[in-house]
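Worksheet for the structure shown next.
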Amino acid sequence: MRFEFATATRIVFGEGTAVTLPELARGFGARPLVVTGASTARAAWLVAALSAETFAVPGEPTVELVRKGARLVNEAGCDVVVSLGGGSAIDAGKAIAAIATNGGEPLDFLEVVGKGHAITAAPLPLIAVPTTAGTGSEVTRNAVLSSPEHGAKASLRSALMLPRAALVDPELTYELPKGVTAATGLDALTQLIEPYVSSRANPLADAVCVEGMRRAAGALRRVCHDGADKDARRDMALASLFSGLALANAGLGVVHGFAAPLGGSWKAPHGALCAALLPHGMAANVAALRERAPQHPALERYAAIARMLTGQNDASAEDGIEWIRALCTELGVPALRTWGIGETDLPGVVEKAAGASSMQANPILLTYCELLAVVSAAL
Ligand SMILES: [Zn+2]
């Protein structure tokens, strides 16, 4: 056996820890840039405390937005980036911190659709502070950017891009509306399931996945029905953090393979896409494994997932898929066509998904027909 599990991120977790953020930031630099979501209002206290520059990220980050952010950093002489927001603000901050020191053109470094050059200069130090419980981006080494001209999403990726610190305060998620709570929570759950069955699964990531799934299985339904449930909010913040550690060290699979091209071409939140695809991606993998690789260890792992999710000792892989399907229905996960995706778009989507970086860690190579069936079922 051989594996690697890397994180260079200092993780600070706990209710009320956000108040320590100004002190934490001053430890890394004197001129911070605070990157926020669409509204900068929630970060006003932090900006005032640090006399910081601000940069708002209105949606999922694009190549052009990162160019603008990196220009601002260099013009203002910023020496540390603090991202306070959801996955979009954190990914934007990571990309801006990297491009500011490596050169002005994100496409030179972008995987798949860009030139894929290596990030060689250390990015500015980044402190990531998630305000959703979903992406785990605070502990991953990539930033997902969309390139509208390519109709795709792809990553800037380097071990150098790991945030220097992740401050995870569950209190920052207390006000999240139900729809965002559900979509981001289902993304976290997907990011615990896919690394657990991936071709790069390893014992350390397994431990993180199991603990994360255990917490998410109990908390996701509760937190969607009662956003004031503090224990459930804490469990989802942990599940999200663990999902980031897991995906950064064990990879993802078919669901995220599809989320990349879909999110690149249609304006749909990443979590909502993953949630719509999750039961169908699991079903396709289990069916393909049973048919072509009945001895594959991922099959027993799907059964273990089912036992964790349902709490039943005799649950089968299919029971786990049913549990997810029922959860998606109960939480009102919208079908893909809600976002304007149509039947005639699917062959092109399948082609792009097959080449996506996340797809490479799927436990079994799915055929064109199997991939088309996954995305058709989610339509
Ligand atoms: Zn995800």
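By order of appearance in the structure tokens: chains A, B, ..., then residues from 1 within every chain, and ligands from 1 in the order shown.
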
Can you pull out every residue with an atom within 9 Å of ligand 1? Use only C-alpha atoms and all ligand atoms and format it as a list of chain:residue names.
A:Gly134, A:Thr135, A:Gly136, A:Ser137, A:Thr184, A:Leu186, A:Asp187, A:Ala188, A:Leu189, A:Thr190, A:Gln191, A:Ser243, A:Gly244, A:Leu247, A:Leu252, A:Val255, A:His256, A:Ala259, A:His270, A:Gly271, A:Leu273, A:Cys274

Just the residues within 12 Å of Ser358 (chain A), please, counting only C-alpha atoms, with nothing from its chain fewer than 5 positions along; format it as a PyMOL selection string.
chain A and resi 111-112+142+144+153-155+191+194-195+198-200+247-248+250-261+352-353+363

With distances taken over only C-alpha atoms, which of A:Ile127, A:Met282, A:Ala182, A:Ser39 is nearest to Glu23 (chain A)?
A:Ile127

Shell of 9 Å around region 207-218 of chain A, only C-alpha atoms, local chain residues under 2 positions omitted, as number ranges by chain:
A: 185-186, 188-189, 191-193, 195-196, 202-205, 220-222, 232, 235-236, 238-243, 245-246, 305, 308-311

Among listed residues A:Gly264, A:Asp91, A:Thr329, A:Pro163, nearest Val349 (chain A) (using only C-alpha atoms)
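When distances to Val349 (chain A) are compared using only C-alpha atoms, the smallest one comes from A:Gly264.
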
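We find CA of Ser83 (chain A) and CA of Thr7 (chain A) to be spaced 18.3 Å apart.
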
Which residue gives the smallest distance to Thr36 (chain A) among A:Pro106, A:Pro130, A:Gly77, A:Gly179, with only C-alpha atoms counted?
A:Pro130

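Put simply, CA of Asn249 (chain A) is 13.8 Å away from CA of Ser357 (chain A).
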
Pairwise distance for CA of Gly59 (chain A) and CA of Pro269 (chain A), rounded to one decimal in Å:
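Between CA of Gly59 (chain A) and CA of Pro269 (chain A) the gap works out to 8.9 Å.
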
Out of region 131-342 of chain A, which residues get strand (DSSP E) from DSSP, as JSON, numbers by chain?
{"A": [142, 143, 144, 145, 146, 147, 152, 153, 154, 155, 156, 157, 165, 166, 167, 168]}

Residue with smallest distance to Ser88 (chain A) - pool A:Ala118, A:Ile341, A:Leu331, A:Ala128, counting only C-alpha atoms
A:Ala128

Could you write out, as a PyMOL selection string, all the residues of region 73-305 of chain A that DSSP marks as alpha helix (DSSP H)?
chain A and resi 73-76+87-102+178-197+203-225+230-250+254-265+270-292+297-305

Give me the residues within 10 Å of Ala373 (chain A) as a list in words, counting only C-alpha atoms and dropping any in the same chain fewer than 5 places off.
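The neighbour list is His280, Gly281, Ala284, Leu346, Val350, Thr367, Tyr368, Ala378 and Leu379 of chain A.
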